[in-house]
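Undergrad: Take a look at this one; I'll ask things after.
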Amino acid sequence: MYILRPDIAEDEVTNHIDKYNKLLEEFGGTILDSQMRGKRRLAYQIAKHREGIYVQLSHQGDGQHIFKIEKAMRLSEDIIRYMTVKQEGPLPTPKPSAKSSKQADDKENPETKVEPKEKQPVANADTSTSKIDNTETKENAES
């Protein structure tokens, strides 16, 4: 994962993605997936930037190429942060987002259906106090 400066034009972002994908392949890695995650607000300010363009790059290799690609990222002024994480085991499959599945359902059923809310039993204040009053009255009557 690496974060690009937010003031970079979109065509330059694609150029950076292509650049690091090619570097990775040149250094002996295999690209599994490359996704631009978009511009997001940073948790804290980095190099006077409050936002950044996130790019996720999943790759496979023997590990010798990581030092070289991280060095290239370190020397670039357009990358404000990068992080490499080793993952063991099978790669996770991308899950569809909740927004996209909801939009797909809306497209399939253009009529909006309003389903009634289930009726829940509501304790009436009058009935609950009358039961208490009846119990007290019975106790008083028995004494």
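Chain labels follow the order of the structure tokens: the first chain is A, the next B, and so on; residue numbering restarts at 1 in every chain, and ligands are counted from 1 in their shown order.
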Within 12 Å of A:Lys39, counting only C-alpha atoms, which residues show up once you throw out same-chain ones fewer than 2 positions away? Write them as a PDB file with C-alpha atoms, in the first residue's frame, please.
TA:
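part-v8.pdb written:
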ATOM      1  CA  TYR A   2       1.271   3.440  -0.787  1.00  0.00           C
ATOM      2  CA  ILE A   3      -0.198   6.932  -0.521  1.00  0.00           C
ATOM      3  CA  LEU A   4       0.318   9.567  -3.186  1.00  0.00           C
ATOM      4  CA  ARG A   5       0.020  13.330  -2.707  1.00  0.00           C
ATOM      5  CA  PRO A   6      -3.573  14.543  -3.139  1.00  0.00           C
ATOM      6  CA  ASP A   7      -2.689  17.355  -5.560  1.00  0.00           C
ATOM      7  CA  ILE A   8      -1.512  14.995  -8.315  1.00  0.00           C
ATOM      8  CA  ALA A   9      -3.597  14.882 -11.512  1.00  0.00           C
ATOM      9  CA  GLU A  10      -5.464  11.665 -12.284  1.00  0.00           C
ATOM     10  CA  VAL A  13      -1.678   8.839 -10.695  1.00  0.00           C
ATOM     11  CA  MET A  36      -6.496   2.678  -6.764  1.00  0.00           C
ATOM     12  CA  ARG A  37      -8.545   3.168  -3.591  1.00  0.00           C
ATOM     13  CA  ARG A  41      -8.672  11.832   4.512  1.00  0.00           C
ATOM     14  CA  LEU A  42      -5.557  10.927   6.497  1.00  0.00           C
ATOM     15  CA  HIS A  49      -1.196  17.063   3.525  1.00  0.00           C
ATOM     16  CA  ARG A  50      -4.523  16.162   5.135  1.00  0.00           C
ATOM     17  CA  GLU A  51      -5.623  13.848   2.284  1.00  0.00           C
ATOM     18  CA  GLY A  52      -3.912  11.259   0.157  1.00  0.00           C
ATOM     19  CA  ILE A  53      -4.545   8.988  -2.818  1.00  0.00           C
ATOM     20  CA  TYR A  54      -4.370   5.376  -1.663  1.00  0.00           C
ATOM     21  CA  VAL A  55      -3.072   2.631  -3.959  1.00  0.00           C
TER      22      VAL A  55
END
Undergrad: Tell me which protein, DNA and RNA residues are within 12 Å of A:Val85, counting only C-alpha atoms, leaving out same-chain ones fewer than 6 positions away, and put them as a PyMOL selection string.
TA: chain A and resi 1-2+56-60+63+66+70
Undergrad: Can you write just those residues out, N, CA and C atoms, as a PDB file, in the first residue's frame?
TA:
ATOM      1  N   MET A   1       0.859  -1.166   0.000  1.00  0.00           N
ATOM      2  CA  MET A   1       0.000   0.000   0.000  1.00  0.00           C
ATOM      3  C   MET A   1       0.898   1.220   0.000  1.00  0.00           C
ATOM      4  N   TYR A   2       0.558   2.176  -0.822  1.00  0.00           N
ATOM      5  CA  TYR A   2       1.271   3.440  -0.787  1.00  0.00           C
ATOM      6  C   TYR A   2       0.289   4.583  -0.985  1.00  0.00           C
ATOM      7  N   GLN A  56      -3.398   0.279  -3.558  1.00  0.00           N
ATOM      8  CA  GLN A  56      -3.074  -1.034  -2.995  1.00  0.00           C
ATOM      9  C   GLN A  56      -2.482  -1.896  -4.095  1.00  0.00           C
ATOM     10  N   LEU A  57      -1.315  -2.453  -3.808  1.00  0.00           N
ATOM     11  CA  LEU A  57      -0.597  -3.262  -4.782  1.00  0.00           C
ATOM     12  C   LEU A  57      -0.300  -4.619  -4.162  1.00  0.00           C
ATOM     13  N   SER A  58      -0.970  -5.644  -4.643  1.00  0.00           N
ATOM     14  CA  SER A  58      -0.724  -7.008  -4.152  1.00  0.00           C
ATOM     15  C   SER A  58       0.217  -7.691  -5.133  1.00  0.00           C
ATOM     16  N   HIS A  59       1.313  -8.239  -4.600  1.00  0.00           N
ATOM     17  CA  HIS A  59       2.290  -8.877  -5.476  1.00  0.00           C
ATOM     18  C   HIS A  59       2.879 -10.095  -4.798  1.00  0.00           C
ATOM     19  N   GLN A  60       3.543 -10.884  -5.587  1.00  0.00           N
ATOM     20  CA  GLN A  60       4.127 -12.129  -5.096  1.00  0.00           C
ATOM     21  C   GLN A  60       5.553 -12.223  -5.601  1.00  0.00           C
ATOM     22  N   GLY A  63      10.884 -11.862  -2.277  1.00  0.00           N
ATOM     23  CA  GLY A  63      11.195 -10.885  -1.242  1.00  0.00           C
ATOM     24  C   GLY A  63      12.402 -10.023  -1.555  1.00  0.00           C
ATOM     25  N   ILE A  66      11.521  -6.311  -2.831  1.00  0.00           N
ATOM     26  CA  ILE A  66      10.849  -5.352  -1.945  1.00  0.00           C
ATOM     27  C   ILE A  66      11.781  -4.198  -1.579  1.00  0.00           C
ATOM     28  N   GLU A  70      10.844  -0.326  -2.531  1.00  0.00           N
ATOM     29  CA  GLU A  70      10.691   0.615  -1.419  1.00  0.00           C
ATOM     30  C   GLU A  70      11.694   1.767  -1.542  1.00  0.00           C
TER      31      GLU A  70
END
Undergrad: To one decimal in Å, tell me the separation between atom CA of A:Asn21 and atom CA of A:Met73.
TA: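 It comes out at 11.9 Å.
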Undergrad: Using only C-alpha atoms, which residue out of A:Gly28, A:Arg40, A:Gly61, A:Ser34 lies closest to A:Thr14?
TA: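 So, comparing all the options, the nearest one is A:Ser34.
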Undergrad: Considering only C-alpha atoms, state which residue in the set A:Met83, A:Ala47, A:Ser76, A:Ile17 is at the smallest distance from A:Asp33.
TA: A:Ile17
Undergrad: Residues of stretch 35-78 of chain A in strand (DSSP E) according to DSSP, as number ranges by chain?
TA: A: 35-46, 49-60
